[in-house]
$ cat data.cif   # mmCIF, N, CA and C atoms and all ligand atoms
data_model
#
loop_
_atom_site.label_atom_id
_atom_site.label_comp_id
_atom_site.auth_asym_id
_atom_site.auth_seq_id
_atom_site.Cartn_x
_atom_site.Cartn_y
_atom_site.Cartn_z
N MET J 315 85.30 71.79 118.31
CA MET J 315 85.93 70.69 119.05
C MET J 315 87.34 70.43 118.50
N GLY J 316 88.30 70.13 119.35
CA GLY J 316 89.68 69.91 118.93
C GLY J 316 89.90 68.52 118.37
N PHE J 317 91.10 68.30 117.91
CA PHE J 317 91.47 66.98 117.39
C PHE J 317 91.47 65.98 118.54
N ASP J 318 90.83 64.84 118.30
CA ASP J 318 90.61 63.89 119.38
C ASP J 318 91.71 62.82 119.42
N CYS J 319 92.89 63.20 119.94
CA CYS J 319 94.00 62.26 120.06
C CYS J 319 93.85 61.47 121.36
N THR J 320 93.86 60.14 121.23
CA THR J 320 93.71 59.29 122.42
C THR J 320 95.06 58.99 123.08
N LYS J 321 96.13 59.52 122.48
CA LYS J 321 97.49 59.29 122.99
C LYS J 321 97.86 57.80 123.00
N CYS J 322 97.43 57.10 121.95
CA CYS J 322 97.76 55.68 121.86
C CYS J 322 99.21 55.47 121.43
N GLY J 323 99.78 56.46 120.73
CA GLY J 323 101.17 56.37 120.30
C GLY J 323 101.37 55.58 119.00
N GLU J 324 100.30 55.11 118.39
CA GLU J 324 100.44 54.28 117.18
C GLU J 324 101.08 55.03 116.01
N CYS J 325 100.76 56.31 115.88
CA CYS J 325 101.36 57.06 114.76
C CYS J 325 102.88 57.10 114.91
N CYS J 326 103.34 57.16 116.13
CA CYS J 326 104.78 57.24 116.40
C CYS J 326 105.47 55.88 116.26
N ARG J 327 104.67 54.84 116.12
CA ARG J 327 105.22 53.49 115.92
C ARG J 327 105.22 53.10 114.46
N HIS J 328 104.75 54.00 113.60
CA HIS J 328 104.67 53.70 112.16
C HIS J 328 105.18 54.89 111.35
N ILE J 329 106.44 55.20 111.52
CA ILE J 329 106.99 56.37 110.83
C ILE J 329 107.89 55.99 109.66
N ALA J 330 108.00 54.68 109.40
CA ALA J 330 108.97 54.22 108.38
C ALA J 330 108.78 54.87 107.01
N ASN J 331 107.53 55.18 106.64
CA ASN J 331 107.29 55.74 105.31
C ASN J 331 107.11 57.25 105.31
N ILE J 332 107.55 57.89 106.35
CA ILE J 332 107.38 59.34 106.45
C ILE J 332 108.75 60.01 106.29
N PRO J 333 109.03 60.54 105.08
CA PRO J 333 110.36 61.09 104.80
C PRO J 333 110.80 62.15 105.83
N GLN J 334 109.85 62.97 106.27
CA GLN J 334 110.21 64.05 107.22
C GLN J 334 110.70 63.49 108.56
N LEU J 335 110.42 62.19 108.80
CA LEU J 335 110.82 61.61 110.09
C LEU J 335 111.89 60.53 109.93
N SER J 336 112.54 60.51 108.75
CA SER J 336 113.51 59.43 108.50
C SER J 336 114.64 59.42 109.55
N GLU J 337 115.01 60.57 110.02
CA GLU J 337 116.09 60.64 111.02
C GLU J 337 115.62 60.23 112.42
N PHE J 338 114.31 60.11 112.58
CA PHE J 338 113.75 59.78 113.90
C PHE J 338 113.52 58.28 114.06
N ASP J 339 113.58 57.56 112.94
CA ASP J 339 113.29 56.12 112.96
C ASP J 339 114.45 55.39 113.65
N ARG J 340 114.13 54.67 114.70
CA ARG J 340 115.22 53.98 115.42
C ARG J 340 115.65 52.69 114.70
N GLY J 341 115.01 52.43 113.53
CA GLY J 341 115.42 51.28 112.71
C GLY J 341 114.31 50.27 112.50
N ASP J 342 113.27 50.39 113.31
CA ASP J 342 112.15 49.44 113.19
C ASP J 342 110.82 50.15 112.94
N GLY J 343 110.91 51.39 112.48
CA GLY J 343 109.68 52.14 112.20
C GLY J 343 109.12 52.88 113.40
N VAL J 344 109.77 52.72 114.54
CA VAL J 344 109.31 53.39 115.76
C VAL J 344 110.18 54.63 115.99
N CYS J 345 109.54 55.71 116.37
CA CYS J 345 110.29 56.94 116.61
C CYS J 345 111.15 56.83 117.87
N LYS J 346 112.35 57.30 117.75
CA LYS J 346 113.29 57.21 118.89
C LYS J 346 112.87 58.10 120.05
N TYR J 347 111.92 58.99 119.82
CA TYR J 347 111.48 59.88 120.90
C TYR J 347 110.21 59.40 121.59
N LEU J 348 109.72 58.23 121.19
CA LEU J 348 108.52 57.71 121.85
C LEU J 348 108.91 57.03 123.17
N ARG J 349 108.28 57.48 124.24
CA ARG J 349 108.52 56.87 125.56
C ARG J 349 107.19 56.36 126.05
N GLY J 350 107.05 55.04 126.06
CA GLY J 350 105.73 54.48 126.38
C GLY J 350 104.77 54.89 125.29
N HIS J 351 103.77 55.68 125.65
CA HIS J 351 102.83 56.18 124.63
C HIS J 351 103.02 57.67 124.40
N GLU J 352 104.08 58.24 124.94
CA GLU J 352 104.19 59.70 124.87
C GLU J 352 105.46 60.17 124.16
N CYS J 353 105.36 61.36 123.62
CA CYS J 353 106.49 61.96 122.91
C CYS J 353 107.40 62.69 123.89
N ASP J 354 108.67 62.34 123.82
CA ASP J 354 109.67 62.93 124.71
C ASP J 354 110.00 64.38 124.35
N ILE J 355 109.69 64.76 123.12
CA ILE J 355 110.01 66.12 122.66
C ILE J 355 108.74 66.84 122.21
N TYR J 356 107.66 66.56 122.91
CA TYR J 356 106.34 67.03 122.49
C TYR J 356 106.31 68.52 122.15
N ASP J 357 106.88 69.34 123.00
CA ASP J 357 106.80 70.79 122.79
C ASP J 357 107.60 71.25 121.58
N THR J 358 108.59 70.47 121.18
CA THR J 358 109.41 70.86 120.02
C THR J 358 109.32 69.83 118.89
N ARG J 359 108.28 69.00 118.91
CA ARG J 359 108.12 67.97 117.87
C ARG J 359 108.03 68.62 116.48
N PRO J 360 108.43 67.86 115.45
CA PRO J 360 108.38 68.42 114.09
C PRO J 360 106.95 68.75 113.68
N GLU J 361 106.81 69.62 112.71
CA GLU J 361 105.46 70.05 112.32
C GLU J 361 104.63 68.90 111.78
N ILE J 362 105.28 67.90 111.15
CA ILE J 362 104.53 66.76 110.62
C ILE J 362 103.79 66.01 111.75
N CYS J 363 104.26 66.15 112.96
CA CYS J 363 103.63 65.49 114.11
C CYS J 363 102.57 66.37 114.78
N ASN J 364 102.38 67.55 114.24
CA ASN J 364 101.50 68.52 114.90
C ASN J 364 100.29 68.81 113.99
N VAL J 365 99.18 68.24 114.34
CA VAL J 365 97.97 68.35 113.51
C VAL J 365 97.57 69.80 113.28
N GLU J 366 97.65 70.60 114.32
CA GLU J 366 97.25 72.01 114.20
C GLU J 366 98.15 72.75 113.22
N LYS J 367 99.45 72.56 113.39
CA LYS J 367 100.40 73.24 112.50
C LYS J 367 100.23 72.80 111.06
N MET J 368 100.06 71.49 110.87
CA MET J 368 99.90 70.96 109.51
C MET J 368 98.66 71.55 108.86
N TYR J 369 97.60 71.64 109.64
CA TYR J 369 96.38 72.22 109.09
C TYR J 369 96.61 73.67 108.68
N GLU J 370 97.13 74.43 109.61
CA GLU J 370 97.27 75.86 109.34
C GLU J 370 98.24 76.13 108.18
N LYS J 371 99.31 75.36 108.09
CA LYS J 371 100.33 75.63 107.09
C LYS J 371 100.02 75.05 105.71
N TYR J 372 99.42 73.86 105.68
CA TYR J 372 99.29 73.18 104.39
C TYR J 372 97.87 72.82 103.96
N PHE J 373 96.94 72.74 104.87
CA PHE J 373 95.64 72.16 104.50
C PHE J 373 94.44 73.07 104.69
N SER J 374 94.66 74.26 105.21
CA SER J 374 93.50 75.11 105.50
C SER J 374 92.77 75.58 104.24
N ASN J 375 93.47 75.55 103.10
CA ASN J 375 92.80 75.94 101.85
C ASN J 375 92.08 74.76 101.20
N LEU J 376 92.28 73.57 101.76
CA LEU J 376 91.66 72.38 101.17
C LEU J 376 90.49 71.85 101.98
N TYR J 377 90.59 71.98 103.30
CA TYR J 377 89.57 71.39 104.17
C TYR J 377 89.19 72.39 105.26
N SER J 378 87.99 72.18 105.79
CA SER J 378 87.68 72.90 107.03
C SER J 378 88.48 72.22 108.13
N ARG J 379 88.62 72.88 109.24
CA ARG J 379 89.39 72.29 110.34
C ARG J 379 88.76 70.97 110.79
N ASP J 380 87.45 70.96 110.89
CA ASP J 380 86.76 69.74 111.33
C ASP J 380 86.96 68.59 110.34
N GLU J 381 86.93 68.92 109.05
CA GLU J 381 87.15 67.87 108.03
C GLU J 381 88.56 67.30 108.17
N PHE J 382 89.52 68.19 108.41
CA PHE J 382 90.92 67.75 108.54
C PHE J 382 91.09 66.88 109.79
N TYR J 383 90.48 67.28 110.87
CA TYR J 383 90.53 66.46 112.09
C TYR J 383 89.95 65.08 111.81
N LYS J 384 88.84 65.08 111.10
CA LYS J 384 88.15 63.80 110.83
C LYS J 384 89.05 62.88 109.99
N LEU J 385 89.72 63.44 108.97
CA LEU J 385 90.62 62.63 108.15
C LEU J 385 91.75 62.05 108.99
N ASN J 386 92.27 62.87 109.88
CA ASN J 386 93.35 62.40 110.76
C ASN J 386 92.83 61.33 111.72
N GLU J 387 91.64 61.54 112.23
CA GLU J 387 91.08 60.56 113.17
C GLU J 387 90.82 59.22 112.47
N GLU J 388 90.44 59.29 111.19
CA GLU J 388 90.25 58.06 110.42
C GLU J 388 91.58 57.33 110.25
N ALA J 389 92.64 58.12 109.99
CA ALA J 389 93.98 57.51 109.85
C ALA J 389 94.41 56.87 111.18
N CYS J 390 94.11 57.54 112.27
CA CYS J 390 94.44 56.98 113.60
C CYS J 390 93.72 55.66 113.80
N GLU J 391 92.45 55.63 113.41
CA GLU J 391 91.65 54.43 113.60
C GLU J 391 92.23 53.27 112.79
N MET J 392 92.68 53.58 111.56
CA MET J 392 93.28 52.54 110.72
C MET J 392 94.56 52.01 111.37
N LEU J 393 95.35 52.91 111.91
CA LEU J 393 96.59 52.48 112.58
C LEU J 393 96.24 51.63 113.81
N GLN J 394 95.26 52.08 114.57
CA GLN J 394 94.88 51.35 115.78
C GLN J 394 94.32 49.97 115.45
N ASN J 395 93.65 49.88 114.28
CA ASN J 395 93.07 48.59 113.86
C ASN J 395 94.01 47.81 112.95
N LYS J 396 95.22 48.32 112.79
CA LYS J 396 96.24 47.70 111.93
C LYS J 396 95.72 47.49 110.51
N ASN J 397 94.93 48.47 110.06
CA ASN J 397 94.36 48.39 108.72
C ASN J 397 95.17 49.30 107.79
N PHE J 398 96.35 48.83 107.41
CA PHE J 398 97.27 49.70 106.68
C PHE J 398 96.96 49.83 105.19
N LYS J 399 96.10 48.92 104.69
CA LYS J 399 95.86 48.93 103.25
C LYS J 399 95.30 50.25 102.76
N LYS J 400 94.39 50.83 103.56
CA LYS J 400 93.73 52.04 103.12
C LYS J 400 94.54 53.31 103.45
N LEU J 401 95.52 53.14 104.28
CA LEU J 401 96.23 54.30 104.80
C LEU J 401 97.25 54.84 103.80
N GLN J 402 97.14 56.13 103.53
CA GLN J 402 98.07 56.73 102.58
C GLN J 402 98.99 57.68 103.34
N ILE J 403 100.14 57.19 103.69
CA ILE J 403 101.08 58.05 104.38
C ILE J 403 102.39 58.05 103.61
S1 LIG J 501 97.55 57.48 116.29
FE1 LIG J 501 96.20 59.24 116.48
S2 LIG J 501 95.19 58.94 118.44
FE2 LIG J 501 97.05 57.70 118.46
S3 LIG J 501 98.64 59.04 119.33
FE3 LIG J 501 98.71 59.24 117.11
S4 LIG J 501 97.48 61.04 116.69
FE4 LIG J 501 96.92 60.34 118.73
S1 LIG J 502 108.64 63.22 117.42
FE1 LIG J 502 107.18 62.72 119.00
S2 LIG J 502 105.17 62.97 118.05
FE2 LIG J 502 106.69 62.83 116.42
S3 LIG J 502 106.77 60.65 115.85
FE3 LIG J 502 108.35 61.04 117.39
S4 LIG J 502 107.39 60.51 119.34
FE4 LIG J 502 105.77 60.82 117.83
#

$ encode --input "data.cif" --output "structure tokens" --more "lines below"
Ligand code: SF4
Ligand code: SF4
Amino acid sequence: MGFDCTKCGECCRHIANIPQLSEFDRGDGVCKYLRGHECDIYDTRPEICNVEKMYEKYFSNLYSRDEFYKLNEEACEMLQNKNFKKLQI
């Protein structure tokens, strides 16, 4: 089963602490490429925004794909529930 992104856009509204996206922050922690709930540059988005690429490049030796998806889905849930205390980004 693939990564279960609900396309809520919350990850793109909380990029302030992500060094790889510092140039994308429009000044309030929201990515300048977010349009509504969707990414305007989806096909060319940075690898940090691409769960599949991140897994293959950096995490495949640490987790199974399903485990990595689950960790990401938990982070999504925390963002959606505004539970930032547990979130390590
Ligand atoms: S927070 Fe998670 S579910 Fe929402 S758009 Fe981002 S990756 Fe998808
Ligand atoms: S580049 Fe796209 S996927 Fe990445 S944070 Fe911005 S809007 Fe979201």

$ select_by_dssp --input "data.cif" --residues "chain J" --states "alpha helix (DSSP H)" --output "ChimeraX atom specification"
/J:365-368,379-394

$ atom_distance --input "data.cif" --atom1 "atom C of J:Tyr383" --atom2 "atom CA of J:Lys396"
18.5 Å

$ closest_residue --input "data.cif" --among "J:Lys384, J:Arg340, J:Arg359, J:Lys371" --to "ligand LIG 502 (chain J)" --atoms "only N, CA and C atoms and all ligand atoms"
J:Arg359

$ residues_near_point --input "data.cif" --point "(95.0, 61.0, 123.7)" --cutoff "12 Å" --atoms "only C-alpha atoms" --output "list of chain:residue names"
J:Gly316, J:Phe317, J:Asp318, J:Cys319, J:Thr320, J:Lys321, J:Cys322, J:Gly323, J:Glu324, J:Cys325, J:His351, J:Glu352, J:Cys353, J:Glu387, J:Cys390

$ write_last_selection --input "data.cif" --atoms "N, CA and C atoms" --output "tab-separated table (two decimals), keeping the file's coordinate frame"
chain	number	residue	atom	x	y	z
J	316	GLY	N	88.30	70.13	119.35
J	316	GLY	CA	89.68	69.91	118.93
J	316	GLY	C	89.90	68.52	118.37
J	317	PHE	N	91.10	68.30	117.91
J	317	PHE	CA	91.47	66.98	117.39
J	317	PHE	C	91.47	65.98	118.54
J	318	ASP	N	90.83	64.84	118.30
J	318	ASP	CA	90.61	63.89	119.38
J	318	ASP	C	91.71	62.82	119.42
J	319	CYS	N	92.89	63.20	119.94
J	319	CYS	CA	94.00	62.26	120.06
J	319	CYS	C	93.85	61.47	121.36
J	320	THR	N	93.86	60.14	121.23
J	320	THR	CA	93.71	59.29	122.42
J	320	THR	C	95.06	58.99	123.08
J	321	LYS	N	96.13	59.52	122.48
J	321	LYS	CA	97.49	59.29	122.99
J	321	LYS	C	97.86	57.80	123.00
J	322	CYS	N	97.43	57.10	121.95
J	322	CYS	CA	97.76	55.68	121.86
J	322	CYS	C	99.21	55.47	121.43
J	323	GLY	N	99.78	56.46	120.73
J	323	GLY	CA	101.17	56.37	120.30
J	323	GLY	C	101.37	55.58	119.00
J	324	GLU	N	100.30	55.11	118.39
J	324	GLU	CA	100.44	54.28	117.18
J	324	GLU	C	101.08	55.03	116.01
J	325	CYS	N	100.76	56.31	115.88
J	325	CYS	CA	101.36	57.06	114.76
J	325	CYS	C	102.88	57.10	114.91
J	351	HIS	N	103.77	55.68	125.65
J	351	HIS	CA	102.83	56.18	124.63
J	351	HIS	C	103.02	57.67	124.40
J	352	GLU	N	104.08	58.24	124.94
J	352	GLU	CA	104.19	59.70	124.87
J	352	GLU	C	105.46	60.17	124.16
J	353	CYS	N	105.36	61.36	123.62
J	353	CYS	CA	106.49	61.96	122.91
J	353	CYS	C	107.40	62.69	123.89
J	387	GLU	N	91.64	61.54	112.23
J	387	GLU	CA	91.08	60.56	113.17
J	387	GLU	C	90.82	59.22	112.47
J	390	CYS	N	94.11	57.54	112.27
J	390	CYS	CA	94.44	56.98	113.60
J	390	CYS	C	93.72	55.66	113.80

$ residues_around --input "data.cif" --residues "J:Arg327" --least-positions-apart "5" --cutoff "8 Å" --atoms "all atoms listed in the file" --output "PDB file with N, CA and C atoms, in the frame of the given file"
ATOM      1  N   CYS J 322      97.430  57.100 121.950  1.00  0.00           N
ATOM      2  CA  CYS J 322      97.760  55.680 121.860  1.00  0.00           C
ATOM      3  C   CYS J 322      99.210  55.470 121.430  1.00  0.00           C
ATOM      4  N   ASP J 342     113.270  50.390 113.310  1.00  0.00           N
ATOM      5  CA  ASP J 342     112.150  49.440 113.190  1.00  0.00           C
ATOM      6  C   ASP J 342     110.820  50.150 112.940  1.00  0.00           C
ATOM      7  N   GLY J 343     110.910  51.390 112.480  1.00  0.00           N
ATOM      8  CA  GLY J 343     109.680  52.140 112.200  1.00  0.00           C
ATOM      9  C   GLY J 343     109.120  52.880 113.400  1.00  0.00           C
ATOM     10  N   VAL J 344     109.770  52.720 114.540  1.00  0.00           N
ATOM     11  CA  VAL J 344     109.310  53.390 115.760  1.00  0.00           C
ATOM     12  C   VAL J 344     110.180  54.630 115.990  1.00  0.00           C
ATOM     13  N   CYS J 345     109.540  55.710 116.370  1.00  0.00           N
ATOM     14  CA  CYS J 345     110.290  56.940 116.610  1.00  0.00           C
ATOM     15  C   CYS J 345     111.150  56.830 117.870  1.00  0.00           C
ATOM     16  N   LEU J 348     109.720  58.230 121.190  1.00  0.00           N
ATOM     17  CA  LEU J 348     108.520  57.710 121.850  1.00  0.00           C
ATOM     18  C   LEU J 348     108.910  57.030 123.170  1.00  0.00           C
TER      19      LEU J 348
END

$ closest_residue --input "data.cif" --among "J:Asp354, J:Leu376, J:Lys367, J:Gln394" --to "ligand LIG 502 (chain J)" --atoms "only N, CA and C atoms and all ligand atoms"
J:Asp354

$ atom_distance --input "data.cif" --atom1 "atom CA of J:Asn364" --atom2 "atom S2 of ligand LIG 501 (chain J)"
12.0 Å

$ closest_residue --input "data.cif" --among "J:Met368, J:Cys326, J:Ile332, J:Met315" --to "ligand LIG 501 (chain J)" --atoms "only N, CA and C atoms and all ligand atoms"
J:Cys326

$ atom_distance --input "data.cif" --atom1 "atom N of J:Glu388" --atom2 "atom FE1 of ligand LIG 501 (chain J)"
7.8 Å

$ select_by_dssp --input "data.cif" --residues "stretch 318-386 of chain J" --states "strand (DSSP E)" --output "list of chain:residue names"
J:Leu348, J:Arg349, J:Glu352, J:Cys353

$ closest_residue --input "data.cif" --among "J:Arg379, J:Lys346, J:Val365, J:Glu337" --to "ligand LIG 501 (chain J)" --atoms "all atoms listed in the file"
J:Val365

$ closest_residue --input "data.cif" --among "J:Ile355, J:Leu335, J:Ala330, J:Met392" --to "ligand LIG 501 (chain J)" --atoms "only N, CA and C atoms and all ligand atoms"
J:Met392

$ closest_residue --input "data.cif" --among "J:Tyr347, J:Asn331, J:Ser336, J:Leu393" --to "ligand LIG 502 (chain J)" --atoms "only N, CA and C atoms and all ligand atoms"
J:Tyr347
